[in-house]
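A.B. asks: File name data.cif; file contents mmCIF, C-alpha atoms and all ligand atoms; full text below.
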```
data_protein
#
loop_
_atom_site.group_PDB
_atom_site.id
_atom_site.type_symbol
_atom_site.label_atom_id
_atom_site.label_comp_id
_atom_site.auth_asym_id
_atom_site.auth_seq_id
_atom_site.Cartn_x
_atom_site.Cartn_y
_atom_site.Cartn_z
ATOM 1 C CA MET M 1 117.305 117.981 78.487
ATOM 2 C CA GLY M 2 119.282 116.441 81.340
ATOM 3 C CA ASP M 3 118.158 114.191 84.151
ATOM 4 C CA ARG M 4 115.839 116.262 86.296
ATOM 5 C CA ALA M 5 114.714 113.600 88.748
ATOM 6 C CA ASP M 6 116.587 115.548 91.430
ATOM 7 C CA THR M 7 113.952 118.285 91.161
ATOM 8 C CA ALA M 8 111.221 115.915 92.431
ATOM 9 C CA HIS M 9 112.297 116.186 96.036
ATOM 10 C CA ALA M 10 110.064 118.374 98.181
ATOM 11 C CA VAL M 11 106.683 120.059 98.280
ATOM 12 C CA GLY M 12 106.975 123.719 97.329
ATOM 13 C CA PRO M 13 107.074 126.381 100.039
ATOM 14 C CA ARG M 14 103.813 128.236 100.801
ATOM 15 C CA LEU M 15 101.684 125.242 99.788
ATOM 16 C CA ASN M 16 99.155 123.655 102.124
ATOM 17 C CA LEU M 17 97.908 120.101 102.231
ATOM 18 C CA ALA M 18 94.338 119.998 100.863
ATOM 19 C CA GLY M 19 93.739 116.247 101.012
ATOM 20 C CA ARG M 20 95.071 112.738 100.663
ATOM 21 C CA TYR M 21 93.984 109.709 98.622
ATOM 22 C CA ASP M 22 95.102 106.126 99.351
ATOM 23 C CA ARG M 23 94.475 103.025 97.275
ATOM 24 C CA GLU M 24 96.017 99.847 95.924
ATOM 25 C CA VAL M 25 96.124 98.825 92.276
ATOM 26 C CA ALA M 26 96.255 95.243 90.998
ATOM 27 C CA VAL M 27 99.438 95.572 88.921
ATOM 28 C CA GLY M 28 103.167 95.683 89.643
ATOM 29 C CA VAL M 29 104.938 98.993 90.128
ATOM 30 C CA GLY M 30 106.647 98.783 86.696
ATOM 31 C CA ARG M 31 103.276 98.936 84.975
ATOM 32 C CA VAL M 32 102.354 101.977 87.088
ATOM 33 C CA TRP M 33 105.583 103.838 86.183
ATOM 34 C CA GLU M 34 104.833 103.110 82.533
ATOM 35 C CA ASN M 35 101.435 104.728 83.032
ATOM 36 C CA VAL M 36 102.913 107.762 84.802
ATOM 37 C CA LEU M 37 105.220 108.452 81.850
ATOM 38 C CA ASP M 38 102.413 107.852 79.342
ATOM 39 C CA TRP M 39 101.261 111.465 78.834
ATOM 40 C CA GLU M 40 99.398 110.511 75.650
ATOM 41 C CA HIS M 41 96.533 108.666 77.363
ATOM 42 C CA LEU M 42 95.151 111.681 79.238
ATOM 43 C CA PRO M 43 92.574 113.029 76.737
ATOM 44 C CA ALA M 44 91.611 109.545 75.479
ATOM 45 C CA LEU M 45 91.299 107.379 78.585
ATOM 46 C CA HIS M 46 90.460 110.307 80.875
ATOM 47 C CA ASN M 47 88.268 112.178 78.411
ATOM 48 C CA GLY M 48 86.004 113.363 81.243
ATOM 49 C CA GLN M 49 88.872 115.397 82.711
ATOM 50 C CA PHE M 50 91.106 116.245 79.739
ATOM 51 C CA HIS M 51 90.226 117.457 76.276
ATOM 52 C CA SER M 52 93.612 117.644 74.527
ATOM 53 C CA ILE M 53 97.321 117.545 75.237
ATOM 54 C CA ALA M 54 100.439 118.800 73.454
ATOM 55 C CA LEU M 55 103.793 117.497 74.617
ATOM 56 C CA LEU M 56 106.395 120.195 75.270
ATOM 57 C CA ASP M 57 109.278 118.126 76.594
ATOM 58 C CA SER M 58 110.013 114.677 77.969
ATOM 59 C CA GLY M 59 112.890 112.557 79.173
ATOM 60 C CA PRO M 60 113.888 110.097 81.890
ATOM 61 C CA TRP M 61 112.980 112.866 84.366
ATOM 62 C CA GLY M 62 109.286 112.903 83.280
ATOM 63 C CA TRP M 63 107.339 115.143 80.927
ATOM 64 C CA ARG M 64 105.860 118.588 80.472
ATOM 65 C CA ALA M 65 102.766 119.264 78.387
ATOM 66 C CA SER M 66 100.151 121.868 77.640
ATOM 67 C CA VAL M 67 96.749 120.499 78.639
ATOM 68 C CA VAL M 68 93.249 121.724 77.792
ATOM 69 C CA ASN M 69 90.566 120.419 80.120
ATOM 70 C CA GLN M 70 87.357 121.218 78.244
ATOM 71 C CA PRO M 71 86.564 121.851 74.562
ATOM 72 C CA GLY M 72 86.672 125.600 73.965
ATOM 73 C CA ASP M 73 88.985 126.149 76.950
ATOM 74 C CA VAL M 74 92.102 126.650 74.829
ATOM 75 C CA ALA M 75 92.682 130.084 76.372
ATOM 76 C CA ARG M 76 92.737 128.418 79.786
ATOM 77 C CA ALA M 77 95.338 125.768 78.930
ATOM 78 C CA GLN M 78 97.515 124.603 81.781
ATOM 79 C CA VAL M 79 101.135 123.559 81.570
ATOM 80 C CA ILE M 80 101.614 120.442 83.669
ATOM 81 C CA GLU M 81 104.980 119.009 84.577
ATOM 82 C CA VAL M 82 105.392 115.483 85.908
ATOM 83 C CA ARG M 83 108.745 114.923 87.593
ATOM 84 C CA ILE M 84 109.621 111.440 88.732
ATOM 85 C CA ASP M 85 112.051 110.096 91.298
ATOM 86 C CA ARG M 86 111.977 106.348 90.775
ATOM 87 C CA ASP M 87 114.543 105.608 93.459
ATOM 88 C CA ALA M 88 112.413 107.348 96.054
ATOM 89 C CA GLY M 89 109.255 105.745 94.566
ATOM 90 C CA ARG M 90 107.468 109.032 94.042
ATOM 91 C CA TYR M 91 106.577 111.703 91.536
ATOM 92 C CA CYS M 92 105.179 115.198 91.480
ATOM 93 C CA SER M 93 102.585 116.579 89.036
ATOM 94 C CA ALA M 94 102.909 120.343 89.199
ATOM 95 C CA THR M 95 100.750 122.907 87.438
ATOM 96 C CA VAL M 96 103.377 125.366 86.277
ATOM 97 C CA GLU M 97 101.205 127.693 84.119
ATOM 98 C CA GLY M 98 97.515 128.503 83.770
ATOM 99 C CA PRO M 99 94.627 127.987 86.216
ATOM 100 C CA GLY M 100 95.852 126.424 89.461
ATOM 101 C CA ALA M 101 99.494 127.332 88.719
ATOM 102 C CA GLY M 102 101.717 126.557 91.684
ATOM 103 C CA SER M 103 99.730 123.562 92.944
ATOM 104 C CA GLU M 104 101.480 120.227 93.308
ATOM 105 C CA ILE M 105 100.208 116.668 93.513
ATOM 106 C CA TRP M 106 102.620 114.176 95.033
ATOM 107 C CA THR M 107 102.247 110.439 94.536
ATOM 108 C CA THR M 108 104.170 107.694 96.326
ATOM 109 C CA LEU M 109 104.251 104.195 94.821
ATOM 110 C CA THR M 110 105.124 101.230 97.028
ATOM 111 C CA PRO M 111 105.462 97.740 95.505
ATOM 112 C CA LEU M 112 103.477 95.235 97.584
ATOM 113 C CA ALA M 113 103.708 92.178 95.291
ATOM 114 C CA VAL M 114 104.425 91.428 91.630
ATOM 115 C CA ASP M 115 100.830 92.355 90.903
ATOM 116 C CA ARG M 116 100.022 94.868 93.644
ATOM 117 C CA THR M 117 101.122 98.441 94.267
ATOM 118 C CA ALA M 118 100.121 100.847 97.032
ATOM 119 C CA VAL M 119 99.416 104.404 95.936
ATOM 120 C CA VAL M 120 99.317 107.464 98.198
ATOM 121 C CA VAL M 121 98.461 110.822 96.654
ATOM 122 C CA THR M 122 98.633 114.176 98.468
ATOM 123 C CA PHE M 123 97.274 117.450 97.086
ATOM 124 C CA HIS M 124 99.065 120.737 97.860
ATOM 125 C CA VAL M 125 97.696 124.167 96.983
ATOM 126 C CA ALA M 126 98.308 127.807 97.900
ATOM 127 C CA GLU M 127 94.862 128.166 99.554
ATOM 128 C CA THR M 128 94.959 128.913 103.293
ATOM 129 C CA ALA M 129 91.286 129.109 104.404
ATOM 130 C CA PRO M 130 90.580 125.740 106.098
ATOM 131 C CA GLU M 131 87.064 125.344 104.652
ATOM 132 C CA ARG M 132 88.125 126.081 101.094
ATOM 133 C CA LEU M 133 91.158 123.860 101.519
ATOM 134 C CA ALA M 134 88.921 120.973 102.645
ATOM 135 C CA ARG M 135 86.560 121.502 99.677
ATOM 136 C CA ILE M 136 89.466 121.525 97.228
ATOM 137 C CA GLY M 137 90.840 118.365 98.837
ATOM 138 C CA GLN M 138 87.483 116.612 98.599
ATOM 139 C CA ARG M 139 87.160 117.502 94.926
ATOM 140 C CA TYR M 140 90.683 116.254 94.209
ATOM 141 C CA VAL M 141 89.912 112.931 95.928
ATOM 142 C CA GLU M 142 86.751 112.519 93.807
ATOM 143 C CA VAL M 143 88.622 113.255 90.580
ATOM 144 C CA TYR M 144 91.599 111.075 91.465
ATOM 145 C CA THR M 145 89.366 108.149 92.420
ATOM 146 C CA GLY M 146 87.961 108.231 88.880
ATOM 147 C CA LEU M 147 91.359 108.701 87.236
ATOM 148 C CA TRP M 148 92.918 105.801 89.142
ATOM 149 C CA ASP M 149 89.874 103.588 88.410
ATOM 150 C CA GLU M 150 90.422 104.236 84.696
ATOM 151 C CA ASP M 151 94.195 103.798 84.952
ATOM 152 C CA GLU M 152 93.887 100.553 86.916
ATOM 153 C CA ALA M 153 91.437 99.057 84.395
ATOM 154 C CA MET M 154 93.830 99.944 81.560
ATOM 155 C CA MET M 155 96.922 98.617 83.341
ATOM 156 C CA VAL M 156 95.241 95.336 84.345
ATOM 157 C CA HIS M 157 93.942 94.808 80.803
ATOM 158 C CA ARG M 158 97.382 95.581 79.331
ATOM 159 C CA GLU M 159 99.098 93.207 81.753
ATOM 160 C CA ARG M 160 96.738 90.377 80.697
ATOM 161 C CA ALA M 161 97.105 91.180 77.011
ATOM 162 C CA LEU M 162 100.916 91.109 77.309
ATOM 163 C CA ALA M 163 100.746 87.727 79.096
ATOM 164 C CA ASP M 164 98.485 86.367 76.305
ATOM 165 C CA ARG M 165 100.968 87.603 73.707
ATOM 166 C CA ARG M 166 103.813 85.723 75.397
ATOM 167 C CA ARG M 167 101.871 82.425 75.396
ATOM 168 C CA PRO M 168 102.792 80.319 72.334
ATOM 169 C CA SER M 169 99.834 79.731 70.033
ATOM 170 C CA ALA M 170 99.245 76.653 67.936
ATOM 171 C CA ALA M 171 95.977 78.029 66.633
ATOM 172 C CA SER M 172 94.699 76.727 63.328
ATOM 173 C CA VAL M 173 94.298 78.939 60.271
ATOM 174 C CA GLU M 174 92.113 76.376 58.518
ATOM 175 C CA PRO M 175 88.976 77.901 56.986
ATOM 176 C CA LEU M 176 86.198 78.345 59.547
ATOM 177 C CA ASN M 177 82.543 77.894 58.563
ATOM 178 C CA LEU M 178 80.280 80.248 60.542
ATOM 179 C CA GLY M 179 77.024 78.915 59.082
ATOM 180 C CA PRO M 180 74.320 80.565 56.961
ATOM 181 C CA LEU M 181 74.735 84.266 56.197
ATOM 182 C CA SER M 182 71.094 85.023 57.018
ATOM 183 C CA ALA M 183 71.472 83.597 60.544
ATOM 184 C CA LEU M 184 74.879 85.193 61.088
ATOM 185 C CA LEU M 185 73.611 88.660 60.182
ATOM 186 C CA THR M 186 71.197 88.560 63.124
ATOM 187 C CA THR M 187 74.113 88.013 65.556
ATOM 188 C CA LEU M 188 76.338 90.893 64.382
ATOM 189 C CA PRO M 189 78.435 92.500 65.641
ATOM 190 C CA ARG M 190 80.129 89.531 67.262
ATOM 191 C CA LEU M 191 83.603 88.385 68.229
ATOM 192 C CA VAL M 192 85.336 85.373 66.699
ATOM 193 C CA GLU M 193 88.731 83.814 67.182
ATOM 194 C CA PHE M 194 90.792 82.908 64.144
ATOM 195 C CA GLY M 195 94.449 81.896 63.991
ATOM 196 C CA GLY M 196 94.907 82.728 67.681
ATOM 197 C CA GLU M 197 93.712 86.351 67.284
ATOM 198 C CA ARG M 198 90.362 87.863 68.189
ATOM 199 C CA PHE M 199 88.349 89.673 65.553
ATOM 200 C CA ARG M 200 85.046 91.506 65.435
ATOM 201 C CA LEU M 201 82.667 90.649 62.644
ATOM 202 C CA LEU M 202 80.226 93.316 61.582
ATOM 203 C CA ALA M 203 78.146 94.440 58.656
ATOM 204 C CA LEU M 204 79.495 97.507 56.898
ATOM 205 C CA GLU M 205 78.410 99.016 53.588
ATOM 206 C CA GLY M 206 76.405 95.878 52.756
ATOM 207 C CA GLN M 207 79.254 93.486 53.493
ATOM 208 C CA VAL M 208 80.371 91.375 56.419
ATOM 209 C CA ILE M 209 83.881 92.384 57.405
ATOM 210 C CA ALA M 210 86.306 91.331 60.140
ATOM 211 C CA HIS M 211 88.790 93.510 62.018
ATOM 212 C CA ALA M 212 91.326 92.838 64.775
ATOM 213 C CA VAL M 213 90.211 93.904 68.249
ATOM 214 C CA THR M 214 93.643 94.332 69.816
ATOM 215 C CA CYS M 215 95.181 97.733 69.233
ATOM 216 C CA PRO M 216 98.687 97.473 67.760
ATOM 217 C CA HIS M 217 99.876 100.387 69.924
ATOM 218 C CA TRP M 218 99.640 99.167 73.552
ATOM 219 C CA LEU M 219 97.172 96.295 73.052
ATOM 220 C CA GLY M 220 94.137 98.396 73.932
ATOM 221 C CA PRO M 221 90.621 96.922 73.508
ATOM 222 C CA LEU M 222 88.801 97.614 70.237
ATOM 223 C CA ASP M 223 85.991 95.086 70.837
ATOM 224 C CA ASP M 224 83.286 97.699 71.351
ATOM 225 C CA ALA M 225 84.769 100.658 69.485
ATOM 226 C CA PRO M 226 81.981 102.594 67.713
ATOM 227 C CA VAL M 227 82.361 102.677 63.929
ATOM 228 C CA GLU M 228 82.282 106.074 62.223
ATOM 229 C CA ASP M 229 82.800 106.377 58.469
ATOM 230 C CA GLY M 230 84.380 102.923 58.472
ATOM 231 C CA CYS M 231 86.886 103.916 61.183
ATOM 232 C CA ILE M 232 87.327 103.141 64.876
ATOM 233 C CA ARG M 233 89.414 104.752 67.571
ATOM 234 C CA CYS M 234 91.165 103.109 70.474
ATOM 235 C CA PRO M 235 89.930 104.257 73.903
ATOM 236 C CA TRP M 236 93.427 104.331 75.413
ATOM 237 C CA HIS M 237 95.362 106.827 73.241
ATOM 238 C CA ASP M 238 92.911 107.642 70.488
ATOM 239 C CA TYR M 239 94.808 105.969 67.628
ATOM 240 C CA ARG M 240 92.434 105.502 64.701
ATOM 241 C CA PHE M 241 92.072 102.751 62.144
ATOM 242 C CA ASP M 242 90.082 102.111 58.992
ATOM 243 C CA ILE M 243 88.495 98.715 59.657
ATOM 244 C CA ARG M 244 87.973 98.041 55.939
ATOM 245 C CA THR M 245 91.740 97.872 55.385
ATOM 246 C CA GLY M 246 93.245 97.859 58.902
ATOM 247 C CA ALA M 247 95.301 100.936 57.945
ATOM 248 C CA SER M 248 95.933 103.897 60.217
ATOM 249 C CA SER M 249 93.403 106.661 59.604
ATOM 250 C CA ASP M 250 95.111 109.359 61.698
ATOM 251 C CA GLY M 251 98.563 109.430 60.126
ATOM 252 C CA ARG M 252 100.189 107.775 63.128
ATOM 253 C CA GLY M 253 101.092 104.842 60.935
ATOM 254 C CA LEU M 254 100.183 101.744 62.957
ATOM 255 C CA THR M 255 98.067 99.086 61.280
ATOM 256 C CA LEU M 256 95.706 96.486 62.693
ATOM 257 C CA ALA M 257 96.675 92.806 62.556
ATOM 258 C CA ARG M 258 95.521 91.364 59.241
ATOM 259 C CA ALA M 259 91.959 90.175 59.378
ATOM 260 C CA PRO M 260 90.735 86.890 57.888
ATOM 261 C CA ARG M 261 89.052 86.994 54.523
ATOM 262 C CA VAL M 262 85.266 86.782 54.785
ATOM 263 C CA SER M 263 83.514 85.011 51.917
ATOM 264 C CA VAL M 264 80.095 83.512 51.324
ATOM 265 C CA GLU M 265 80.104 80.042 49.827
ATOM 266 C CA GLN M 266 76.804 78.277 49.076
ATOM 267 C CA GLY M 267 75.094 80.575 51.561
ATOM 268 C CA ASP M 268 77.581 79.956 54.393
ATOM 269 C CA VAL M 269 80.020 82.534 55.753
ATOM 270 C CA ILE M 270 83.604 81.286 55.653
ATOM 271 C CA LEU M 271 86.625 82.852 57.355
ATOM 272 C CA SER M 272 89.944 81.995 55.774
ATOM 273 C CA ALA M 273 93.559 83.132 56.066
ATOM 274 C CA PRO M 274 94.139 86.455 54.300
ATOM 275 C CA PRO M 275 96.023 86.222 51.006
ATOM 276 C CA ALA M 276 99.808 86.395 51.392
ATOM 277 C CA ILE M 277 101.322 89.863 50.917
ATOM 278 C CA PRO M 278 103.100 89.858 47.540
HETATM 279 S S1 LIG V 301 96.631 101.125 72.977
HETATM 280 FE FE1 LIG V 301 97.294 103.122 72.561
HETATM 281 S S2 LIG V 301 95.933 103.766 71.025
HETATM 282 FE FE2 LIG V 301 95.362 101.762 71.403
HETATM 283 FE FE FE V 302 96.021 108.117 83.842
#
```
What would the structure in this file look like if it were written as structure tokens?

C.D. replies:
Amino acid sequence: MGDRADTAHAVGPRLNLAGRYDREVAVGVGRVWENVLDWEHLPALHNGQFHSIALLDSGPWGWRASVVNQPGDVARAQVIEVRIDRDAGRYCSATVEGPGAGSEIWTTLTPLAVDRTAVVVTFHVAETAPERLARIGQRYVEVYTGLWDEDEAMMVHRERALADRRRPSAASVEPLNLGPLSALLTTLPRLVEFGGERFRLLALEGQVIAHAVTCPHWLGPLDDAPVEDGCIRCPWHDYRFDIRTGASSDGRGLTLARAPRVSVEQGDVILSAPPAIP
């Protein structure tokens, strides 16, 4: 697939402006472009609006994917194409098949500072009746407010997590005594820091275990991830991990950072460096 950025140039003919949404986000424009190209987060981060996604094509020009909005709506899947024009600072999300086919959503990104970007979104549909057009526009603004709230929270968190990663750590990996097991159990689940990484301690299958709370994919937050059958899923792209071993539990192959060993010595819970990998 060649470079198709040239196709993101003008609103389609016969489309009418239904509404406009303006906001600023507290990250630089590079982080926003990363998010625009990140098709995989739609059904995870925006699970109120998207149920599943299957990528059909992608490249420097953008991406095209088949999207299902609600469970059981497979027959009503839409094909969405996102075409970007970085030089012009804008992109178009077009519905090319399925319900709403023909509509286009144009977004302009303007860098304001290293950590601030202005966003202007316009919604274009084939509807002509002014009242219906206004209702559609209002609905789009409501939905996009929520989507950008979720995107901004993710981008800000990721920016901070990347900055933390870059900071050199001289953290100790000396054994850490967390006190009596009986007292600790009443405080679980809880977060602890060990060797410069954050871990969650919880009771599982009659044992206290520790697992990393930074997702190895894009550094998403696993601090509060519900545990199901010993596994957690990341809220950003739905990658799943078995917290007993740190291994991937969805076949996508990423593993959690190694967790400290948890042992009980003379009634006290001790965290210590995990044994070296042979
Ligand atoms: S950051 Fe992508 S799945 Fe966790
Ligand atoms: Fe998003």

A.B. asks: Any chance you could resolve the PyMOL selection byres (((chain M and resi 144-152) around 10) and not hetatm) against this file and give the residues as a ChimeraX atom specification?

C.D. replies: /M:20-27,31-32,35-36,41-42,45-49,119,121,138-143,153-158,236

A.B. asks: Name every residue that the PyMOL selection byres (((chain M and resi 86) around 10) and not hetatm) selects in this structure, writing the answer as a PyMOL selection string with chains first and numbers rising.

C.D. replies: chain M and resi 5+8+33+60-61+83-85+87-91+108-109

A.B. asks: Take CA of Leu112 in chain M and CA of Leu17 in chain M and report the distance between them in Å, one decimal.

C.D. replies: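 Atom-to-atom, CA of Leu112 in chain M to CA of Leu17 in chain M, that is 25.9 Å.
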
A.B. asks: Evaluate the PyMOL selection byres (((chain M and resi 191) around 8) and not hetatm) and record the selected residues as a ChimeraX atom specification, following the chain and residue labels used in the document.

C.D. replies: /M:189-190,192-193,198-201,223

A.B. asks: To one decimal in Å, tell me the separation between CA of Ser248 in chain M and CA of Ala44 in chain M.

C.D. replies: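 If I compute the distance from CA of Ser248 in chain M to CA of Ala44 in chain M, I get 16.8 Å.
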
A.B. asks: Of the candidates M:His237, M:Ala225, M:Ala126, M:Ala113, which shows the shortest atom-to-atom distance to ligand FE 302 (chain V), using only C-alpha atoms and all ligand atoms?

C.D. replies: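 Under the stated criterion, the closest residue is M:His237.
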
A.B. asks: Rounded to one decimal place, report the CA of Gly12 in chain M-CA of Val67 in chain M distance in Å.

C.D. replies: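 Separation of CA of Gly12 in chain M and CA of Val67 in chain M: 21.5 Å.
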
A.B. asks: Around range 125-137 of chain M, with edges along x, y and z and 4 Å added on all six sides, what centre and edge lengths do you get, in Å to one decimal, as JSON?

C.D. replies:
```
{"center_x": 92.4, "center_y": 123.7, "center_z": 101.5, "size_x": 19.7, "size_y": 18.7, "size_z": 17.1}
```

A.B. asks: Around ligand LIG 301 (chain V), which protein and nucleic acid residues have at least one atom no more than 8 Å from it, if we count all atoms listed in the file? List them as a PyMOL selection string.

C.D. replies: chain M and resi 41+214-222+233-240

A.B. asks: Generate a file of the selected residues that holds C-alpha atoms, formatted as a CSV table (one decimal), in the frame of the given file.

C.D. replies:
```
chain,number,residue,atom,x,y,z
M,41,HIS,CA,96.5,108.7,77.4
M,214,THR,CA,93.6,94.3,69.8
M,215,CYS,CA,95.2,97.7,69.2
M,216,PRO,CA,98.7,97.5,67.8
M,217,HIS,CA,99.9,100.4,69.9
M,218,TRP,CA,99.6,99.2,73.6
M,219,LEU,CA,97.2,96.3,73.1
M,220,GLY,CA,94.1,98.4,73.9
M,221,PRO,CA,90.6,96.9,73.5
M,222,LEU,CA,88.8,97.6,70.2
M,233,ARG,CA,89.4,104.8,67.6
M,234,CYS,CA,91.2,103.1,70.5
M,235,PRO,CA,89.9,104.3,73.9
M,236,TRP,CA,93.4,104.3,75.4
M,237,HIS,CA,95.4,106.8,73.2
M,238,ASP,CA,92.9,107.6,70.5
M,239,TYR,CA,94.8,106.0,67.6
M,240,ARG,CA,92.4,105.5,64.7
```

A.B. asks: Which residues are near Asp57 in chain M? Cut-off 10 Å, all atoms listed in the file, ignore same chain within fewer than 6 positions. Put them as JSON, numbers by chain.

C.D. replies: {"M": [1, 63, 64, 65, 66, 81]}

A.B. asks: Got a sec: who's within 9 Å of Ala94 in chain M, counting only C-alpha atoms, leaving out chain neighbours fewer than 4 positions off, as a PyMOL selection string?

C.D. replies: chain M and resi 79-83+101-106

A.B. asks: When you count only C-alpha atoms, which of these residues is closest to Asp229 in chain M: M:Val262, M:Leu184, M:Ala210, M:Leu204?

C.D. replies: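 Checking each of M:Val262, M:Leu184, M:Ala210, M:Leu204 against Asp229 in chain M, counting only C-alpha atoms, the winner is M:Leu204.
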
A.B. asks: Which is closest to Arg258 in chain M among M:Arg132, M:Arg244, M:His211, M:Arg167, if we use only C-alpha atoms?

C.D. replies: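 The answer is M:His211, which sits nearest to Arg258 in chain M.
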
A.B. asks: I'd like to know which of M:Glu197, M:Glu131, M:Glu228, M:Glu265 is closest to Arg165 in chain M, using all atoms listed in the file.

C.D. replies: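 Checking each candidate against Arg165 in chain M, we get M:Glu197 as the closest.
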
A.B. asks: Between M:Leu15, M:Leu188, M:Val213, M:Leu181, which is the closest to Gln266 in chain M once you count only C-alpha atoms?

C.D. replies: M:Leu181

A.B. asks: What would range 208-229 of chain M look like with N, CA and C atoms in place, written as a PDB file, in the frame of the given file?

C.D. replies:
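Now in part14.pdb:
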```pdb
ATOM      1  N   VAL M 208      79.880  91.796  55.109  1.00  0.00           N
ATOM      2  CA  VAL M 208      80.371  91.375  56.419  1.00  0.00           C
ATOM      3  C   VAL M 208      81.894  91.510  56.390  1.00  0.00           C
ATOM      4  N   ILE M 209      82.420  92.246  57.365  1.00  0.00           N
ATOM      5  CA  ILE M 209      83.881  92.384  57.405  1.00  0.00           C
ATOM      6  C   ILE M 209      84.381  91.975  58.792  1.00  0.00           C
ATOM      7  N   ALA M 210      85.681  91.695  58.862  1.00  0.00           N
ATOM      8  CA  ALA M 210      86.306  91.331  60.140  1.00  0.00           C
ATOM      9  C   ALA M 210      87.439  92.311  60.401  1.00  0.00           C
ATOM     10  N   HIS M 211      87.599  92.702  61.684  1.00  0.00           N
ATOM     11  CA  HIS M 211      88.790  93.510  62.018  1.00  0.00           C
ATOM     12  C   HIS M 211      89.349  93.063  63.359  1.00  0.00           C
ATOM     13  N   ALA M 212      90.661  93.216  63.523  1.00  0.00           N
ATOM     14  CA  ALA M 212      91.326  92.838  64.775  1.00  0.00           C
ATOM     15  C   ALA M 212      90.816  93.714  65.909  1.00  0.00           C
ATOM     16  N   VAL M 213      90.728  93.136  67.107  1.00  0.00           N
ATOM     17  CA  VAL M 213      90.211  93.904  68.249  1.00  0.00           C
ATOM     18  C   VAL M 213      91.288  94.179  69.299  1.00  0.00           C
ATOM     19  N   THR M 214      92.543  93.958  68.919  1.00  0.00           N
ATOM     20  CA  THR M 214      93.643  94.332  69.816  1.00  0.00           C
ATOM     21  C   THR M 214      94.419  95.451  69.150  1.00  0.00           C
ATOM     22  N   CYS M 215      94.515  96.583  69.826  1.00  0.00           N
ATOM     23  CA  CYS M 215      95.181  97.733  69.233  1.00  0.00           C
ATOM     24  C   CYS M 215      96.685  97.459  69.110  1.00  0.00           C
ATOM     25  N   PRO M 216      97.265  97.762  67.943  1.00  0.00           N
ATOM     26  CA  PRO M 216      98.687  97.473  67.760  1.00  0.00           C
ATOM     27  C   PRO M 216      99.601  98.407  68.555  1.00  0.00           C
ATOM     28  N   HIS M 217      99.039  99.451  69.165  1.00  0.00           N
ATOM     29  CA  HIS M 217      99.876 100.387  69.924  1.00  0.00           C
ATOM     30  C   HIS M 217     100.260  99.759  71.271  1.00  0.00           C
ATOM     31  N   TRP M 218      99.346  99.730  72.220  1.00  0.00           N
ATOM     32  CA  TRP M 218      99.640  99.167  73.552  1.00  0.00           C
ATOM     33  C   TRP M 218      98.656  98.056  73.891  1.00  0.00           C
ATOM     34  N   LEU M 219      98.082  97.433  72.876  1.00  0.00           N
ATOM     35  CA  LEU M 219      97.172  96.295  73.052  1.00  0.00           C
ATOM     36  C   LEU M 219      95.845  96.706  73.689  1.00  0.00           C
ATOM     37  N   GLY M 220      95.420  97.915  73.423  1.00  0.00           N
ATOM     38  CA  GLY M 220      94.137  98.396  73.932  1.00  0.00           C
ATOM     39  C   GLY M 220      92.968  97.650  73.300  1.00  0.00           C
ATOM     40  N   PRO M 221      91.788  97.687  73.966  1.00  0.00           N
ATOM     41  CA  PRO M 221      90.621  96.922  73.508  1.00  0.00           C
ATOM     42  C   PRO M 221      89.811  97.662  72.443  1.00  0.00           C
ATOM     43  N   LEU M 222      89.597  97.012  71.309  1.00  0.00           N
ATOM     44  CA  LEU M 222      88.801  97.614  70.237  1.00  0.00           C
ATOM     45  C   LEU M 222      87.478  96.867  70.047  1.00  0.00           C
ATOM     46  N   ASP M 223      87.183  95.951  70.972  1.00  0.00           N
ATOM     47  CA  ASP M 223      85.991  95.086  70.837  1.00  0.00           C
ATOM     48  C   ASP M 223      84.700  95.873  70.639  1.00  0.00           C
ATOM     49  N   ASP M 224      84.559  96.971  71.381  1.00  0.00           N
ATOM     50  CA  ASP M 224      83.286  97.699  71.351  1.00  0.00           C
ATOM     51  C   ASP M 224      83.416  99.069  70.711  1.00  0.00           C
ATOM     52  N   ALA M 225      84.533  99.310  70.022  1.00  0.00           N
ATOM     53  CA  ALA M 225      84.769 100.658  69.485  1.00  0.00           C
ATOM     54  C   ALA M 225      83.676 101.031  68.479  1.00  0.00           C
ATOM     55  N   PRO M 226      82.994 102.171  68.691  1.00  0.00           N
ATOM     56  CA  PRO M 226      81.981 102.594  67.713  1.00  0.00           C
ATOM     57  C   PRO M 226      82.618 102.829  66.341  1.00  0.00           C
ATOM     58  N   VAL M 227      81.845 102.511  65.295  1.00  0.00           N
ATOM     59  CA  VAL M 227      82.361 102.677  63.929  1.00  0.00           C
ATOM     60  C   VAL M 227      81.803 103.968  63.347  1.00  0.00           C
ATOM     61  N   GLU M 228      82.701 104.806  62.849  1.00  0.00           N
ATOM     62  CA  GLU M 228      82.282 106.074  62.223  1.00  0.00           C
ATOM     63  C   GLU M 228      82.984 106.201  60.890  1.00  0.00           C
ATOM     64  N   ASP M 229      82.214 106.299  59.810  1.00  0.00           N
ATOM     65  CA  ASP M 229      82.800 106.377  58.469  1.00  0.00           C
ATOM     66  C   ASP M 229      83.806 105.251  58.228  1.00  0.00           C
TER      67      ASP M 229
END
```
